[in-house]
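Let me begin by presenting the structure, written as structure tokens, before commenting on it.
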Amino acid sequence: MILREIIFRPLAALAAVIHLSSALQAAADSSLPVPPDSPRWSLEGKASIIEFQGRKCFKLEGGDALLKDPELRDGVIDVDVNAPGARGFFGIQFRIDPDKGSGEWVYLRSHKSGLPDAQQYTPILNNGLAWQIFNGPGFTGPLDIPKDTWFHMRLELTGAQARLFVVDMDKPSLVMSDLKSGNRTGLVALAVLTGTTYFSGFTVRETAPVPWEHHLPPMPADTITQWSLSPAYDATDLNPERPLSPAQSNGIVWQDVIAEPPGFVVINRYRESPGVTPTFDKDFSKRLDPQKGAKTIYARTSIVADRDEVKRLYIGYSDEVSVFLNGGILYRGRSAQGFRDSGFLGIVNPENDAVYLPLRKGVNDLTLAVSEFGGGWGFICRLSAMEN
């Protein structure tokens, strides 16, 4: 199973233990190793402390080890890892805010060793991962991952950037040029989604903070950036091919949002992700069935045309979308992981699909119904003129 969603394990219940040590004590201890049996750790899920290949270590099998202090801004995290299984999703979560269900996660996929997405960084937003939205340079990269042997990982945090080193401590394997959760400080955890993984020799060292500078991609001129979002609804209660009536639209308390470069509206920032495993994950014949637990939001904007014309709307989305123009449906698409074929990832890209909008002179209402299972809830739209 390809990574789909993780329910953020360090839940709000852990918030009460965050401040067990004073800031002074945390600063004093942070440069020292933190052994697995230290009371500074909290274990969640399938997590235990064992002896493995002569080392006292964590054994994580779909669980995590949360370090209760310090709340780290900038620093260096070192750990030895051994992943003997055929499959595995394992790595380091950092700047975790348990109350918000947010943070950052950089992880390795041992079964994808050598492939372009063997390693990946994703923000955690409202208890959901957004890896289908944040993908490509700065988020994914190739890596040869050692198997059934101890190897070293290092994570360096410097403001809004981070660098991951695996085996080779002189050259980063992944450079995270812009961290996306928005958290400037938070807790650290060793986390495994699936596959038995061992962690040993953990150390964390705080470093002097550097200026917080975002390195954002450009926003293309044809991007639609201003949107209003509805609350989230149970997707099975809605007809995805039916537009909102004027009365329904007027009864909604809309939230105005601005797309972030290069044009994504990341719904996970505003609504909690449902984290549903669709029925077609195991049975491809069920991909058209209603998916219990899926959520839908409506997003609307206005397009002003100086004459009657047809324009091309490039659209990327996750996981399903209906496109309505002036109260009529134009398009229905599905781009969920595994929907189009078993290896389909559902990565959001503005060139995924194109819809042709018959605009009328004046103000036109464009509304999307965007549904989510898991892996990243969002969309991106770019409007361009038709070639003569």
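Within each chain, counting starts at residue 1; across the structure tokens, chains are named A, B, ... in the order shown, with ligands numbered 1 upward in that order.
Excluding segment 210-220 of chain A itself and any same-chain residue fewer than 4 positions from it, the protein and nucleic acid residues within 9 Å of it, counting only C-alpha atoms, are Asp74, Thr158, Gly159, Ala160, Gln161, Ser177, Asp178, Leu179, Arg184, Glu260, Pro261, Pro262, Gly263 and Arg382 of chain A.
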Output file for the selection above: N, CA and C atoms, as an mmCIF file, in the first residue's frame:
data_model
loop_
_atom_site.group_PDB
_atom_site.id
_atom_site.type_symbol
_atom_site.label_atom_id
_atom_site.label_comp_id
_atom_site.auth_asym_id
_atom_site.auth_seq_id
_atom_site.Cartn_x
_atom_site.Cartn_y
_atom_site.Cartn_z
ATOM 1 N N ASP A 74 15.325 25.796 15.706
ATOM 2 C CA ASP A 74 16.440 25.399 14.860
ATOM 3 C C ASP A 74 17.314 24.415 15.616
ATOM 4 N N THR A 158 16.855 24.979 9.900
ATOM 5 C CA THR A 158 17.343 26.362 9.880
ATOM 6 C C THR A 158 16.218 27.255 9.392
ATOM 7 N N GLY A 159 15.457 27.803 10.315
ATOM 8 C CA GLY A 159 14.353 28.673 9.942
ATOM 9 C C GLY A 159 13.299 27.945 9.135
ATOM 10 N N ALA A 160 12.947 28.501 7.984
ATOM 11 C CA ALA A 160 11.902 27.911 7.140
ATOM 12 C C ALA A 160 12.460 26.856 6.192
ATOM 13 N N GLN A 161 13.704 26.445 6.401
ATOM 14 C CA GLN A 161 14.324 25.433 5.560
ATOM 15 C C GLN A 161 14.836 24.266 6.412
ATOM 16 N N SER A 177 13.304 23.394 0.761
ATOM 17 C CA SER A 177 13.574 24.817 0.568
ATOM 18 C C SER A 177 12.540 25.719 1.217
ATOM 19 N N ASP A 178 11.364 25.171 1.549
ATOM 20 C CA ASP A 178 10.354 25.995 2.205
ATOM 21 C C ASP A 178 9.404 25.091 2.984
ATOM 22 N N LEU A 179 9.493 25.116 4.304
ATOM 23 C CA LEU A 179 8.641 24.285 5.146
ATOM 24 C C LEU A 179 7.243 24.885 5.205
ATOM 25 N N ARG A 184 6.737 27.392 13.824
ATOM 26 C CA ARG A 184 8.115 27.846 13.985
ATOM 27 C C ARG A 184 8.852 27.097 15.086
ATOM 28 N N GLU A 260 -1.866 30.005 -2.370
ATOM 29 C CA GLU A 260 -0.458 30.182 -2.061
ATOM 30 C C GLU A 260 0.385 29.744 -3.255
ATOM 31 N N PRO A 261 1.533 30.378 -3.475
ATOM 32 C CA PRO A 261 2.369 30.035 -4.631
ATOM 33 C C PRO A 261 2.694 28.545 -4.657
ATOM 34 N N PRO A 262 2.629 27.942 -5.846
ATOM 35 C CA PRO A 262 2.373 28.506 -7.176
ATOM 36 C C PRO A 262 0.895 28.531 -7.573
ATOM 37 N N GLY A 263 -0.010 28.601 -6.595
ATOM 38 C CA GLY A 263 -1.429 28.718 -6.889
ATOM 39 C C GLY A 263 -2.328 27.737 -6.170
ATOM 40 N N ARG A 382 -5.794 27.649 -13.214
ATOM 41 C CA ARG A 382 -5.188 28.681 -14.047
ATOM 42 C C ARG A 382 -6.080 28.898 -15.267
#
Next on the checklist: Could you list, as a ChimeraX atom specification, every residue within 8 Å of Trp105 of chain A, counting only C-alpha atoms and ignoring same-chain residues fewer than 6 positions away?
Outcome noted: /A:91-94,121-124
Would you mind exporting C-alpha atoms of the selected residues as a PDB file, in the first residue's frame?
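Result written to result.pdb:
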ATOM      1  CA  GLY A  91      11.287   9.031   9.474  1.00  0.00           C
ATOM      2  CA  ILE A  92      11.396  12.109  11.667  1.00  0.00           C
ATOM      3  CA  GLN A  93       8.514  14.379  12.582  1.00  0.00           C
ATOM      4  CA  PHE A  94       9.473  17.848  13.817  1.00  0.00           C
ATOM      5  CA  TYR A 121       8.791  15.719   2.977  1.00  0.00           C
ATOM      6  CA  THR A 122       5.211  16.743   3.735  1.00  0.00           C
ATOM      7  CA  PRO A 123       3.594  19.157   6.150  1.00  0.00           C
ATOM      8  CA  ILE A 124       1.022  17.786   8.585  1.00  0.00           C
TER       9      ILE A 124
END
Next on the checklist: List as a ChimeraX atom specification the protein and nucleic acid residues near Ser342 of chain A, meaning an atom at most 10 Å away when only C-alpha atoms are counted, but skip any in the same chain fewer than 2 places from it.
Outcome noted: /A:1-2,280-284,337-340,344-345
Could you pull the residues within 7 Å of segment 353-364 of chain A, counting only C-alpha atoms, minus those fewer than 6 positions along the same chain, as a PDB file with N, CA and C atoms, in the first residue's frame?
ATOM      1  N   SER A 302     -15.270  34.593  -8.799  1.00  0.00           N
ATOM      2  CA  SER A 302     -15.924  35.291  -9.908  1.00  0.00           C
ATOM      3  C   SER A 302     -14.913  35.551 -11.010  1.00  0.00           C
ATOM      4  N   ILE A 303     -15.372  35.401 -12.253  1.00  0.00           N
ATOM      5  CA  ILE A 303     -14.560  35.705 -13.428  1.00  0.00           C
ATOM      6  C   ILE A 303     -15.290  36.776 -14.225  1.00  0.00           C
ATOM      7  N   VAL A 304     -14.625  37.891 -14.460  1.00  0.00           N
ATOM      8  CA  VAL A 304     -15.227  38.995 -15.212  1.00  0.00           C
ATOM      9  C   VAL A 304     -14.725  38.940 -16.653  1.00  0.00           C
ATOM     10  N   ALA A 305     -15.646  38.867 -17.588  1.00  0.00           N
ATOM     11  CA  ALA A 305     -15.307  38.833 -19.013  1.00  0.00           C
ATOM     12  C   ALA A 305     -15.820  40.099 -19.689  1.00  0.00           C
ATOM     13  N   ASP A 306     -15.010  40.685 -20.585  1.00  0.00           N
ATOM     14  CA  ASP A 306     -15.442  41.902 -21.268  1.00  0.00           C
ATOM     15  C   ASP A 306     -16.260  41.615 -22.526  1.00  0.00           C
ATOM     16  N   ARG A 307     -16.436  40.314 -22.815  1.00  0.00           N
ATOM     17  CA  ARG A 307     -17.267  39.893 -23.952  1.00  0.00           C
ATOM     18  C   ARG A 307     -17.592  38.422 -23.793  1.00  0.00           C
ATOM     19  N   ASP A 308     -18.519  37.927 -24.573  1.00  0.00           N
ATOM     20  CA  ASP A 308     -18.776  36.491 -24.608  1.00  0.00           C
ATOM     21  C   ASP A 308     -17.568  35.789 -25.221  1.00  0.00           C
ATOM     22  N   GLU A 309     -17.034  34.813 -24.520  1.00  0.00           N
ATOM     23  CA  GLU A 309     -15.851  34.102 -25.025  1.00  0.00           C
ATOM     24  C   GLU A 309     -15.677  32.782 -24.291  1.00  0.00           C
ATOM     25  N   VAL A 310     -14.844  31.919 -24.868  1.00  0.00           N
ATOM     26  CA  VAL A 310     -14.498  30.647 -24.243  1.00  0.00           C
ATOM     27  C   VAL A 310     -13.057  30.735 -23.766  1.00  0.00           C
ATOM     28  N   LYS A 311     -12.829  30.399 -22.490  1.00  0.00           N
ATOM     29  CA  LYS A 311     -11.476  30.358 -21.951  1.00  0.00           C
ATOM     30  C   LYS A 311     -11.174  28.967 -21.408  1.00  0.00           C
ATOM     31  N   ARG A 312      -9.894  28.646 -21.414  1.00  0.00           N
ATOM     32  CA  ARG A 312      -9.433  27.345 -20.935  1.00  0.00           C
ATOM     33  C   ARG A 312      -9.105  27.449 -19.447  1.00  0.00           C
ATOM     34  N   LEU A 313      -9.653  26.535 -18.664  1.00  0.00           N
ATOM     35  CA  LEU A 313      -9.343  26.453 -17.237  1.00  0.00           C
ATOM     36  C   LEU A 313      -8.502  25.207 -17.001  1.00  0.00           C
ATOM     37  N   TYR A 314      -7.211  25.410 -16.711  1.00  0.00           N
ATOM     38  CA  TYR A 314      -6.371  24.296 -16.278  1.00  0.00           C
ATOM     39  C   TYR A 314      -6.669  24.049 -14.805  1.00  0.00           C
ATOM     40  N   ILE A 315      -6.848  22.776 -14.450  1.00  0.00           N
ATOM     41  CA  ILE A 315      -7.219  22.472 -13.066  1.00  0.00           C
ATOM     42  C   ILE A 315      -6.526  21.205 -12.581  1.00  0.00           C
ATOM     43  N   GLY A 316      -5.948  21.308 -11.399  1.00  0.00           N
ATOM     44  CA  GLY A 316      -5.442  20.155 -10.673  1.00  0.00           C
ATOM     45  C   GLY A 316      -6.177  20.081  -9.357  1.00  0.00           C
ATOM     46  N   ASN A 326     -21.858  29.410 -13.674  1.00  0.00           N
ATOM     47  CA  ASN A 326     -23.156  30.088 -13.745  1.00  0.00           C
ATOM     48  C   ASN A 326     -24.319  29.121 -13.510  1.00  0.00           C
ATOM     49  N   TYR A 331     -18.013  19.790 -15.702  1.00  0.00           N
ATOM     50  CA  TYR A 331     -16.978  18.757 -15.615  1.00  0.00           C
ATOM     51  C   TYR A 331     -17.083  18.030 -14.287  1.00  0.00           C
TER      52      TYR A 331
END
Next on the checklist: Would you pick out the contacts of segment 154-157 of chain A at 7 Å or less, using only C-alpha atoms, so that residues sharing its chain but fewer than 5 positions from it are not included, and give the list as number ranges by chain?
Outcome noted: A: 74-79, 162-166
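Closest to Ala294 of chain A among A:Gly374, A:Gly136, A:Pro246, A:Pro36 is A:Gly374, based on only C-alpha atoms.
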Checklist entry - If we count only C-alpha atoms, what is near Tyr270 of chain A at a cut-off of 9 Å, once residues fewer than 4 positions away on the same chain are taken out, given as a list of chain:residue names? => result A:Leu125, A:Asn126, A:Leu229, A:Val266
Item to check | Within 7 Å of Lys59 of chain A using only C-alpha atoms, minus same-chain residues under 2 positions, as number ranges by chain | outcome: A: 47-50, 57, 61, 196-199
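Restricting the calculation to only C-alpha atoms, the smallest distance between Arg271 of chain A and any of A:Arg109, A:Arg287, A:Lys100, A:Arg300 is found for A:Lys100.
Atom CA of Gln255 of chain A to atom CA of Pro231 of chain A spans 8.3 Å [interatomic distance, one decimal].
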Item to check | Residues of segment 145-179 of chain A in strand (DSSP E or B), written as a ChimeraX atom specification | outcome: /A:151-158,161-166,174-176
Would you mind exporting the chosen residues as a PDB file, in the first residue's frame, restricted to C-alpha atoms?
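result31.pdb, freshly written:
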ATOM      1  CA  PHE A 151      22.589   3.571   8.846  1.00  0.00           C
ATOM      2  CA  HIS A 152      22.670   7.178   9.974  1.00  0.00           C
ATOM      3  CA  MET A 153      20.138   9.964   9.394  1.00  0.00           C
ATOM      4  CA  ARG A 154      20.633  13.632  10.219  1.00  0.00           C
ATOM      5  CA  LEU A 155      18.102  16.443   9.990  1.00  0.00           C
ATOM      6  CA  GLU A 156      19.200  20.081  10.104  1.00  0.00           C
ATOM      7  CA  LEU A 157      16.560  22.753  10.808  1.00  0.00           C
ATOM      8  CA  THR A 158      17.343  26.362   9.880  1.00  0.00           C
ATOM      9  CA  GLN A 161      14.324  25.433   5.560  1.00  0.00           C
ATOM     10  CA  ALA A 162      15.635  21.971   6.419  1.00  0.00           C
ATOM     11  CA  ARG A 163      18.139  19.477   5.073  1.00  0.00           C
ATOM     12  CA  LEU A 164      18.092  15.686   5.388  1.00  0.00           C
ATOM     13  CA  PHE A 165      21.272  13.613   5.268  1.00  0.00           C
ATOM     14  CA  VAL A 166      21.174   9.822   4.861  1.00  0.00           C
ATOM     15  CA  LEU A 174      16.863  16.139   0.351  1.00  0.00           C
ATOM     16  CA  VAL A 175      16.814  19.925   0.653  1.00  0.00           C
ATOM     17  CA  MET A 176      13.504  21.281   1.909  1.00  0.00           C
TER      18      MET A 176
END
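Minimum atom-to-atom distance to Asn268 of chain A, evaluated using only C-alpha atoms, belongs to A:Gly128 out of A:Pro146, A:Gly101, A:Gly128, A:Gly333.
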Item to check | Counting only C-alpha atoms, the option among A:Asn135, A:Thr279, A:Ser273, A:Ser230 closest to Gly251 of chain A | outcome: A:Ser230
Item to check | helix (DSSP H, G or I) positions in segment 128-334 of chain A, given as a list of chain:residue names | outcome: A:Ala235, A:Thr236, A:Asp237, A:Pro246, A:Ala247, A:Gln248, A:Ser249, A:Asn250, A:Ile267, A:Asn268, A:Arg269, A:Thr279, A:Phe280, A:Asp281, A:Phe284, A:Ser285, A:Lys286
Writing out the chosen residues with C-alpha atoms as an mmCIF file, in the first residue's frame:
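Generated file (out.cif):
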data_model
loop_
_atom_site.group_PDB
_atom_site.id
_atom_site.type_symbol
_atom_site.label_atom_id
_atom_site.label_comp_id
_atom_site.auth_asym_id
_atom_site.auth_seq_id
_atom_site.Cartn_x
_atom_site.Cartn_y
_atom_site.Cartn_z
ATOM 1 C CA ALA A 235 -19.784 13.815 0.710
ATOM 2 C CA THR A 236 -22.382 11.039 0.714
ATOM 3 C CA ASP A 237 -25.096 13.576 1.616
ATOM 4 C CA PRO A 246 -29.061 30.435 -4.809
ATOM 5 C CA ALA A 247 -30.776 29.830 -1.466
ATOM 6 C CA GLN A 248 -28.168 27.232 -0.453
ATOM 7 C CA SER A 249 -25.291 29.485 -1.491
ATOM 8 C CA ASN A 250 -26.740 32.468 0.357
ATOM 9 C CA ILE A 267 -7.948 23.013 1.971
ATOM 10 C CA ASN A 268 -6.149 21.065 4.716
ATOM 11 C CA ARG A 269 -5.141 24.430 6.182
ATOM 12 C CA THR A 279 -13.141 0.818 -0.821
ATOM 13 C CA PHE A 280 -11.272 0.632 -4.138
ATOM 14 C CA ASP A 281 -8.005 0.407 -2.227
ATOM 15 C CA PHE A 284 -10.838 -1.758 -7.950
ATOM 16 C CA SER A 285 -14.391 -2.532 -9.067
ATOM 17 C CA LYS A 286 -15.717 -0.347 -6.214
#
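Closest approach to Ala86 of chain A from the set A:Thr194, A:Ser335, A:Asn183, A:Ser42 is made by A:Thr194, with distances taken over only C-alpha atoms.
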